[in-house]
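Trainee: Okay, here's the structure, questions in a sec.
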Amino acid sequence: MAPTAAPLSVSLQLLESQKSIQEIAIELGYASDSAFVQAFKKLFNQTPRKYRIANLQHNVNLF
C-alpha cells in the first residue's frame with residue numbers, strides 16, 4: 001500500500017492508544033507492520049515507535 005496522508009494521519013491518533021504497531025497496521029489496511037512503518041517513516045521522517053515515545057514523553061512533561 002502506498003503512503004497516503006489520510007490513513008497515516010489517523011495513525012497518529014492510534015499511536016496514542018495501547019494498540020501495537022502491528023494492530024494499527026492491520027486496522028489501517030497495510031499488508032504488514034513493516035509496510036506501515038516504511039510508509040509512516042516516509043511521511044513523518046521517524047518510525048511510529050519513535051513518534052510514540054516522543055509523544056508519551058511530551059504528554060508526561062505537560063503534567
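All residue names refer to the C-alpha cells as shown: chains lettered A, B, ... in order, residues numbered from 1 in each chain, ligands numbered from 1 in order.
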Within 12 Å of Asn55 of chain A, counting only C-alpha atoms, which residues show up once you throw out same-chain ones fewer than 6 positions away? Write them as a count of residues only, please.
Mentor: 10
Trainee: Please list as a list of chain:residue names every residue within 10 Å of Leu8 of chain A, counting only C-alpha atoms and excluding residues in the same chain fewer than 4 positions away.
Mentor: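 Non-adjacent residues within range: A:Pro3, A:Thr4, A:Leu12, A:Gln13, A:Leu14, A:Ala25, A:Leu28, A:Phe36, A:Ala39, A:Phe40, A:Leu43, A:Phe44.
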Trainee: Can you spit out the residues from that selection as a PDB file, in the first residue's frame, using N, CA and C atoms?
Mentor:
ATOM      1  N   PRO A   3       1.981   5.091   0.711  1.00  0.00           N
ATOM      2  CA  PRO A   3       1.700   6.005   1.806  1.00  0.00           C
ATOM      3  C   PRO A   3       0.751   7.114   1.373  1.00  0.00           C
ATOM      4  N   THR A   4      -0.276   7.324   2.140  1.00  0.00           N
ATOM      5  CA  THR A   4      -1.178   8.437   1.893  1.00  0.00           C
ATOM      6  C   THR A   4      -1.380   9.171   3.207  1.00  0.00           C
ATOM      7  N   LEU A  12      -1.587   8.631  13.761  1.00  0.00           N
ATOM      8  CA  LEU A  12      -1.077   9.461  14.858  1.00  0.00           C
ATOM      9  C   LEU A  12      -1.978   9.336  16.080  1.00  0.00           C
ATOM     10  N   GLN A  13      -3.276   9.318  15.849  1.00  0.00           N
ATOM     11  CA  GLN A  13      -4.225   9.141  16.953  1.00  0.00           C
ATOM     12  C   GLN A  13      -4.132   7.728  17.518  1.00  0.00           C
ATOM     13  N   LEU A  14      -4.014   6.743  16.638  1.00  0.00           N
ATOM     14  CA  LEU A  14      -3.947   5.348  17.083  1.00  0.00           C
ATOM     15  C   LEU A  14      -2.681   5.082  17.884  1.00  0.00           C
ATOM     16  N   ALA A  25      -1.278  -1.247  12.005  1.00  0.00           N
ATOM     17  CA  ALA A  25      -1.037  -1.538  10.584  1.00  0.00           C
ATOM     18  C   ALA A  25      -2.205  -2.314   9.988  1.00  0.00           C
ATOM     19  N   LEU A  28      -5.345  -0.169   9.607  1.00  0.00           N
ATOM     20  CA  LEU A  28      -5.240   0.782   8.501  1.00  0.00           C
ATOM     21  C   LEU A  28      -5.160   0.107   7.137  1.00  0.00           C
ATOM     22  N   PHE A  36       3.689  -0.633   6.948  1.00  0.00           N
ATOM     23  CA  PHE A  36       3.174   0.538   7.660  1.00  0.00           C
ATOM     24  C   PHE A  36       4.326   1.400   8.179  1.00  0.00           C
ATOM     25  N   ALA A  39       5.930   3.339   5.335  1.00  0.00           N
ATOM     26  CA  ALA A  39       5.081   4.440   4.869  1.00  0.00           C
ATOM     27  C   ALA A  39       5.061   5.576   5.877  1.00  0.00           C
ATOM     28  N   PHE A  40       4.958   5.244   7.152  1.00  0.00           N
ATOM     29  CA  PHE A  40       4.943   6.244   8.216  1.00  0.00           C
ATOM     30  C   PHE A  40       6.257   7.026   8.209  1.00  0.00           C
ATOM     31  N   LEU A  43       6.596   9.539   5.372  1.00  0.00           N
ATOM     32  CA  LEU A  43       5.794  10.751   5.508  1.00  0.00           C
ATOM     33  C   LEU A  43       6.214  11.622   6.690  1.00  0.00           C
ATOM     34  N   PHE A  44       6.565  10.995   7.816  1.00  0.00           N
ATOM     35  CA  PHE A  44       6.840  11.748   9.043  1.00  0.00           C
ATOM     36  C   PHE A  44       8.316  11.785   9.449  1.00  0.00           C
TER      37      PHE A  44
END
